[in-house]
>>> print(open('my_file31.txt').read())   # compact mmCIF, C-alpha atoms
# COMPACT_ATOMS: atom_id res chain seq x y z
CA MET A 69 26.71 -93.33 10.52
CA SER A 70 28.23 -89.84 10.71
CA ILE A 71 25.24 -88.81 12.86
CA LEU A 72 26.01 -91.60 15.32
CA TRP A 73 29.68 -90.59 15.32
CA GLU A 74 28.72 -86.96 15.96
CA GLY A 75 26.55 -88.05 18.89
CA PHE A 76 29.36 -90.22 20.21
CA LEU A 77 31.81 -87.29 20.08
CA GLN A 78 29.27 -85.01 21.81
CA GLY A 79 28.82 -87.60 24.53
CA MET A 80 32.55 -88.03 24.97
CA SER A 81 33.21 -84.30 25.17
CA GLY A 82 30.40 -84.00 27.73
CA LEU A 83 31.93 -86.87 29.66
CA TRP A 84 35.34 -85.17 29.54
CA THR A 85 33.80 -82.03 31.08
CA VAL A 86 32.27 -84.19 33.80
CA ALA A 87 35.56 -86.00 34.45
CA CYS A 88 37.39 -82.66 34.78
CA VAL A 89 35.10 -81.79 37.71
CA VAL A 90 34.27 -85.21 39.18
CA ILE A 91 37.85 -86.48 39.60
CA PRO A 92 39.20 -83.35 41.38
CA LEU A 93 35.94 -83.24 43.40
CA MET A 94 36.45 -86.84 44.56
CA ILE A 95 40.08 -86.10 45.52
CA VAL A 96 39.02 -83.03 47.52
CA LEU A 97 36.24 -85.12 49.12
CA GLU A 98 38.69 -87.87 50.05
CA ILE A 99 41.08 -85.36 51.64
CA ALA A 100 38.24 -83.58 53.46
CA GLU A 101 36.84 -86.88 54.66
CA SER A 102 40.19 -88.21 55.87
CA ASN A 103 40.67 -85.00 57.86
CA GLY A 104 37.20 -85.21 59.41
CA LEU A 105 36.19 -81.95 57.74
CA LEU A 106 33.12 -83.37 56.03
CA GLN A 107 31.47 -84.33 59.32
CA LYS A 108 31.76 -80.76 60.62
CA LEU A 109 30.47 -79.22 57.40
CA ASN A 110 27.58 -81.67 57.16
CA ARG A 111 26.48 -81.01 60.73
CA LEU A 112 26.00 -77.33 59.85
CA MET A 113 23.99 -78.00 56.69
CA ALA A 114 22.05 -81.01 57.88
CA LYS A 115 19.38 -79.42 60.08
CA PRO A 116 16.74 -78.56 57.46
CA PHE A 117 17.47 -81.88 55.74
CA ARG A 118 16.64 -83.90 58.85
CA ILE A 119 12.98 -82.89 58.42
CA ILE A 120 12.89 -84.59 55.00
CA GLY A 121 14.55 -87.69 56.42
CA LEU A 122 18.15 -87.11 55.40
CA GLY A 123 21.03 -87.69 57.79
CA GLU A 124 24.41 -85.98 57.59
CA GLU A 125 25.64 -88.28 54.84
CA GLY A 126 22.41 -87.80 52.88
CA ALA A 127 22.53 -84.01 52.91
CA PHE A 128 25.90 -83.89 51.19
CA PRO A 129 24.90 -85.21 47.72
CA VAL A 130 22.00 -82.73 47.74
CA VAL A 131 24.35 -79.82 48.34
CA VAL A 132 26.70 -81.07 45.62
CA ALA A 133 23.77 -81.40 43.16
CA VAL A 134 22.39 -77.96 43.96
CA VAL A 135 25.77 -76.31 43.43
CA PHE A 136 27.47 -78.43 40.75
CA GLY A 137 24.61 -80.25 38.97
CA ILE A 138 22.66 -83.49 38.89
CA THR A 139 25.45 -85.47 37.25
CA TYR A 140 27.86 -84.70 40.07
CA GLY A 141 25.20 -85.21 42.74
CA SER A 142 24.39 -88.61 41.20
CA GLY A 143 28.06 -89.49 41.26
CA VAL A 144 28.18 -88.86 44.99
CA ILE A 145 24.94 -90.80 45.59
CA ILE A 146 26.16 -93.76 43.57
CA ASN A 147 29.21 -93.90 45.82
CA HIS A 148 27.21 -93.32 48.99
CA VAL A 149 24.82 -96.15 48.18
CA ARG A 150 27.68 -98.44 47.17
CA THR A 151 29.46 -97.85 50.46
CA GLY A 152 26.26 -98.04 52.50
CA LYS A 153 26.38 -94.42 53.70
CA VAL A 154 22.76 -93.80 52.66
CA THR A 155 19.79 -96.14 52.53
CA ARG A 156 17.85 -96.73 49.32
CA LYS A 157 14.97 -94.72 50.77
CA GLU A 158 17.31 -91.80 51.42
CA ALA A 159 18.63 -92.16 47.87
CA ARG A 160 15.01 -91.82 46.66
CA VAL A 161 14.46 -88.64 48.71
CA ILE A 162 17.78 -87.20 47.52
CA GLY A 163 16.92 -88.20 43.93
CA THR A 164 13.63 -86.32 44.16
CA PHE A 165 15.21 -83.20 45.62
CA MET A 166 18.00 -83.00 43.11
CA ALA A 167 15.83 -83.88 40.11
CA ILE A 168 13.91 -80.65 40.78
CA ALA A 169 16.67 -78.40 42.15
CA HIS A 170 20.12 -78.88 40.67
CA ALA A 171 22.81 -76.78 38.98
CA LEU A 172 21.07 -73.74 40.43
CA ILE A 173 24.03 -71.50 39.60
CA GLU A 174 24.51 -72.56 35.98
CA ASP A 175 20.80 -72.95 35.07
CA THR A 176 19.93 -69.64 36.68
CA ILE A 177 22.66 -67.67 34.94
CA ILE A 178 21.54 -68.86 31.46
CA PHE A 179 18.00 -67.45 31.81
CA TRP A 180 18.89 -64.51 34.01
CA VAL A 181 21.08 -63.30 31.14
CA LEU A 182 18.01 -63.53 28.87
CA GLY A 183 15.90 -61.33 31.18
CA ALA A 184 14.07 -63.64 33.62
CA PRO A 185 13.99 -62.40 37.26
CA LEU A 186 16.47 -64.06 39.63
CA PHE A 187 13.97 -64.75 42.41
CA LEU A 188 11.55 -66.67 40.15
CA LEU A 189 14.40 -68.76 38.78
CA VAL A 190 15.66 -69.93 42.18
CA ALA A 191 12.94 -69.81 44.87
CA PRO A 192 10.23 -72.01 43.23
CA ARG A 193 12.73 -74.78 42.49
CA LEU A 194 14.12 -74.92 46.04
CA LEU A 195 10.65 -74.69 47.58
CA LEU A 196 9.05 -77.41 45.43
CA ALA A 197 12.13 -79.64 45.74
CA TYR A 198 11.81 -79.44 49.52
CA VAL A 199 8.04 -80.04 49.52
CA MET A 200 8.20 -82.98 47.09
CA SER A 201 11.09 -84.57 49.01
CA TYR A 202 9.05 -84.27 52.20
CA VAL A 203 6.10 -86.01 50.52
CA VAL A 204 8.37 -88.79 49.24
CA HIS A 205 9.95 -89.15 52.68
CA LYS A 206 6.51 -89.46 54.32
CA PHE A 207 4.98 -91.91 51.87
CA THR A 208 7.85 -94.15 50.78
CA PRO A 209 8.23 -97.40 52.73
CA GLU A 210 11.73 -98.43 53.86
CA LEU A 211 13.73 -99.73 50.91
CA ASP A 212 16.69 -100.67 53.04
CA LEU A 213 19.22 -103.22 51.96
CA PRO A 214 22.30 -104.34 53.89
CA ASN A 215 25.41 -102.19 53.61
CA GLY A 216 27.59 -102.74 50.58
CA ASP A 217 24.60 -102.70 48.25
CA ASN A 218 25.87 -102.06 44.74
CA LEU A 219 24.60 -100.54 41.50
CA GLU A 220 23.73 -103.84 39.92
CA ALA A 221 21.40 -104.64 42.81
CA MET A 222 19.77 -101.21 42.50
CA ASP A 223 18.88 -101.55 38.82
CA MET B 51 46.50 -80.78 61.58
CA PHE B 52 45.48 -80.80 57.87
CA GLN B 53 46.99 -83.78 56.10
CA VAL B 54 47.28 -84.68 52.42
CA THR B 55 48.82 -88.06 51.73
CA ARG B 56 49.52 -89.86 48.46
CA LYS B 57 47.03 -92.54 49.51
CA MET B 58 44.21 -89.95 49.68
CA LEU B 59 45.09 -88.59 46.21
CA TRP B 60 45.12 -92.09 44.73
CA LYS B 61 41.88 -93.18 46.40
CA GLY B 62 40.12 -89.96 45.29
CA THR B 63 41.32 -90.37 41.71
CA LYS B 64 40.15 -93.99 41.64
CA THR B 65 36.68 -93.07 42.93
CA GLY B 66 36.46 -90.22 40.41
CA LEU B 67 37.39 -92.50 37.50
CA GLN B 68 34.87 -95.13 38.65
CA THR B 69 32.13 -92.50 38.81
CA THR B 70 33.04 -91.10 35.39
CA TRP B 71 32.82 -94.61 33.91
CA GLU B 72 29.38 -95.26 35.47
CA LEU B 73 28.02 -91.97 34.11
CA GLY B 74 29.72 -92.39 30.73
CA LYS B 75 27.78 -95.62 30.16
CA VAL B 76 24.64 -93.43 30.26
CA VAL B 77 25.79 -90.11 28.83
CA VAL B 78 27.48 -91.29 25.62
CA PRO B 79 24.70 -93.56 24.24
CA THR B 80 22.11 -90.90 25.14
CA ALA B 81 23.99 -88.24 23.20
CA MET B 82 23.95 -90.56 20.18
CA VAL B 83 20.17 -91.01 20.41
CA VAL B 84 19.65 -87.26 20.67
CA ALA B 85 21.81 -86.72 17.58
CA ILE B 86 19.55 -89.12 15.64
CA PHE B 87 16.39 -87.34 16.86
CA ARG B 88 17.74 -84.00 15.76
CA ALA B 89 19.03 -85.16 12.38
CA SER B 90 15.85 -87.08 11.48
CA GLY B 91 13.61 -84.05 12.08
CA PHE B 92 11.65 -85.92 14.76
CA LEU B 93 12.27 -83.00 17.12
CA ASP B 94 10.53 -80.63 14.66
CA THR B 95 7.54 -82.97 14.35
CA ILE B 96 6.91 -83.03 18.11
CA THR B 97 7.20 -79.27 18.30
CA ALA B 98 4.68 -78.70 15.48
CA PHE B 99 2.19 -81.05 17.14
CA PHE B 100 2.21 -79.31 20.54
CA ALA B 101 2.25 -75.68 19.36
CA PRO B 102 -1.57 -75.19 19.67
CA TYR B 103 -1.58 -76.03 23.41
CA MET B 104 0.79 -73.27 24.53
CA GLY B 105 -1.99 -70.76 25.29
CA PHE B 106 -2.70 -72.68 28.52
CA PHE B 107 0.59 -71.34 29.94
CA GLY B 108 0.14 -67.82 28.60
CA LEU B 109 2.62 -68.59 25.85
CA SER B 110 2.48 -68.04 22.10
CA GLY B 111 2.78 -71.03 19.76
CA GLU B 112 6.39 -70.19 19.03
CA ALA B 113 7.31 -70.86 22.67
CA ALA B 114 6.67 -74.59 22.09
CA VAL B 115 10.02 -74.66 20.30
CA VAL B 116 11.70 -73.30 23.43
CA LEU B 117 9.97 -75.75 25.78
CA PHE B 118 10.67 -78.79 23.63
CA SER B 119 14.27 -77.95 22.89
CA GLY B 120 14.72 -77.50 26.65
CA TYR B 121 12.79 -80.63 27.65
CA PHE B 122 14.49 -82.92 25.17
CA VAL B 123 17.86 -81.34 24.36
CA ASN B 124 19.13 -78.95 27.06
CA LEU B 125 18.89 -75.45 28.45
CA TYR B 126 21.45 -74.14 25.98
CA ALA B 127 19.25 -75.25 23.10
CA ALA B 128 16.29 -73.56 24.83
CA ALA B 129 18.30 -70.35 25.28
CA GLY B 130 19.26 -70.50 21.61
CA SER B 131 15.56 -70.82 20.65
CA ILE B 132 14.67 -67.86 22.88
CA MET B 133 17.27 -65.76 21.09
CA ALA B 134 15.96 -66.83 17.67
CA LEU B 135 12.31 -66.01 18.51
CA ASN B 136 10.49 -62.78 19.37
CA LEU B 137 9.12 -63.55 22.83
CA THR B 138 8.02 -61.04 25.49
CA ILE B 139 9.88 -60.86 28.81
CA SER B 140 6.99 -62.57 30.62
CA GLU B 141 7.00 -65.37 28.02
CA ILE B 142 10.75 -65.80 28.51
CA THR B 143 10.22 -65.87 32.29
CA ILE B 144 7.45 -68.49 32.05
CA CYS B 145 9.55 -70.69 29.76
CA ALA B 146 12.63 -70.27 31.96
CA VAL B 147 10.88 -71.22 35.20
CA MET B 148 9.08 -74.16 33.53
CA LEU B 149 12.36 -75.40 32.09
CA GLY B 150 14.14 -75.00 35.42
CA PHE B 151 11.99 -77.84 36.78
CA CYS B 152 12.15 -80.03 33.73
CA HIS B 153 14.95 -80.09 31.15
CA SER B 154 17.48 -82.28 29.31
CA LEU B 155 15.18 -85.23 30.05
CA LEU B 156 16.84 -87.67 27.67
CA VAL B 157 20.11 -87.19 29.52
CA GLU B 158 18.97 -86.47 33.08
CA LEU B 159 16.24 -89.12 33.52
CA PRO B 160 18.71 -92.00 32.98
CA ILE B 161 21.08 -90.23 35.40
CA SER B 162 18.32 -90.06 38.03
CA GLN B 163 17.62 -93.74 37.43
CA LYS B 164 21.30 -94.53 37.83
CA ALA B 165 21.18 -92.72 41.18
CA GLY B 166 18.40 -95.01 42.42
CA SER B 167 15.08 -93.34 41.55
CA PRO B 168 12.57 -94.87 39.11
CA LEU B 169 12.62 -93.11 35.74
CA GLY B 170 8.86 -92.75 35.27
CA TYR B 171 8.34 -91.36 38.74
CA ILE B 172 11.05 -88.69 38.40
CA PHE B 173 9.64 -87.80 34.96
CA LEU B 174 6.11 -87.32 36.37
CA ILE B 175 7.29 -85.18 39.30
CA ARG B 176 9.40 -82.90 37.12
CA LEU B 177 6.77 -82.52 34.39
CA ALA B 178 3.99 -81.91 36.95
CA CYS B 179 6.03 -79.18 38.69
CA SER B 180 6.88 -77.62 35.34
CA LEU B 181 3.29 -77.58 34.04
CA ALA B 182 1.72 -76.48 37.35
CA VAL B 183 4.13 -73.60 37.89
CA GLY B 184 3.87 -72.67 34.18
CA TRP B 185 0.08 -72.46 34.46
CA LEU B 186 0.33 -70.42 37.69
CA LEU B 187 2.79 -67.95 36.17
CA GLY B 188 0.61 -67.69 33.05
CA VAL B 189 -2.27 -66.58 35.29
CA VAL B 190 -0.23 -64.34 37.62
CA LEU B 191 2.22 -62.61 35.27
CA PRO B 192 0.90 -59.67 33.18
>>> encode(input="my_file31.txt", output="structure tokens")
Amino acid sequence: MSILWEGFLQGMSGLWTVACVVIPLMIVLEIAESNGLLQKLNRLMAKPFRIIGLGEEGAFPVVVAVVFGITYGSGVIINHVRTGKVTRKEARVIGTFMAIAHALIEDTIIFWVLGAPLFLLVAPRLLLAYVMSYVVHKFTPELDLPNGDNLEAMD
Amino acid sequence: MFQVTRKMLWKGTKTGLQTTWELGKVVVPTAMVVAIFRASGFLDTITAFFAPYMGFFGLSGEAAVVLFSGYFVNLYAAAGSIMALNLTISEITICAVMLGFCHSLLVELPISQKAGSPLGYIFLIRLACSLAVGWLLGVVLP
């Protein structure tokens, strides 16, 4: 029982850490979006993503995942799918990319400190993430659902 | 030009709380399962079983502890194992790159699933990348 309790506390403290980033992130996003800033930023970053089938809205969760981590990237995707900003196929491509390349700053620092070379920690992940996403984009049929699709329907 | 209204703050907070709740439904139960694995010694059993296969990646048997703590627990556990063992720099590099592709699976696979990708498919892609690159580095690195 104490083991379960310990696990519960670990989960809750992890969740607290997530909340401390996700809630401010969502506020900043909302402000940026209301001011039309996100569209401008996305247009700059979206070019290489277009090749793997991601539009402006689809590129954003990838960038969030690469910088902040898969949990935060997933948070953005969950919202994007719920509000119909990305299709289910795009969500699959994004999911593939960020499963391979996420939290590149945090993950890299841990092992760089232990002596692994920086280049080998970053480059293979970005490269394979891009290649695998391209493969998924090419070979996945459309999984589109009408806008307003929610999590329950995705499961 | 740049506007911040109370409505934006409220809407952002609401979205953030919603997201935290969705992820919490995955993160908290998973942490409890991991705690059971660790306490029951199941983690040690898996590690002992796979130790003989590490030569394929140019790794010593000890490195299995690093890979499995990374795969199943997280990168901090893997870093802790690296510190506790006597690995060469090239072994640390191989482990680190392999774990970059594939880590914290018990926590991250359900998160990927929550974000709309099938669990088994994400697992296969990540493990395949990890093993392939691990093998390649084992051949290439001195």
>>> closest_residue(input="my_file31.txt", among="A:Ile178, A:His148, A:Ala171, A:Leu122", to="A:Val204", atoms="all atoms listed in the file")
A:Leu122
>>> residues_around(input="my_file31.txt", residues="B:Phe52", least_positions_apart="2", cutoff="9 Å", atoms="all atoms listed in the file", output="ChimeraX atom specification")
/A:99-100,103 /B:54
>>> residues_around(input="my_file31.txt", residues="A:Leu195", least_positions_apart="2", cutoff="12 Å", atoms="all atoms listed in the file", output="MDAnalysis selection string")
(chainID A and resid 165:166 168:169 187:193 197:202) or (chainID B and resid 151 179 183)
>>> residues_around(input="my_file31.txt", residues="A:Glu74", least_positions_apart="5", cutoff="12 Å", atoms="only C-alpha atoms", output="MDAnalysis selection string")
(chainID A and resid 69 79:81) or (chainID B and resid 78:86 88:89)
>>> write_last_selection(input="my_file31.txt", atoms="C-alpha atoms", output="PDB file, keeping the file's coordinate frame")
ATOM      1  CA  MET A  69      26.710 -93.330  10.520  1.00  0.00           C
ATOM      2  CA  GLY A  79      28.820 -87.600  24.530  1.00  0.00           C
ATOM      3  CA  MET A  80      32.550 -88.030  24.970  1.00  0.00           C
ATOM      4  CA  SER A  81      33.210 -84.300  25.170  1.00  0.00           C
TER       5      SER A  81
ATOM      6  CA  VAL B  78      27.480 -91.290  25.620  1.00  0.00           C
ATOM      7  CA  PRO B  79      24.700 -93.560  24.240  1.00  0.00           C
ATOM      8  CA  THR B  80      22.110 -90.900  25.140  1.00  0.00           C
ATOM      9  CA  ALA B  81      23.990 -88.240  23.200  1.00  0.00           C
ATOM     10  CA  MET B  82      23.950 -90.560  20.180  1.00  0.00           C
ATOM     11  CA  VAL B  83      20.170 -91.010  20.410  1.00  0.00           C
ATOM     12  CA  VAL B  84      19.650 -87.260  20.670  1.00  0.00           C
ATOM     13  CA  ALA B  85      21.810 -86.720  17.580  1.00  0.00           C
ATOM     14  CA  ILE B  86      19.550 -89.120  15.640  1.00  0.00           C
ATOM     15  CA  ARG B  88      17.740 -84.000  15.760  1.00  0.00           C
ATOM     16  CA  ALA B  89      19.030 -85.160  12.380  1.00  0.00           C
TER      17      ALA B  89
END
>>> interface_residues(input="my_file31.txt", of="chain B", to="chain A", cutoff="8 Å", atoms="only C-alpha atoms", output="PyMOL selection string")
chain B and resi 52-54+58-63+65-67+69-70+73-74+77-86+89+125-126+129+139-140+142-143+146-147+150-152+158+161-162+164-167+172+176+179
>>> atom_distance(input="my_file31.txt", atom1="atom CA of B:Phe106", atom2="atom CA of B:Leu186")
9.9 Å
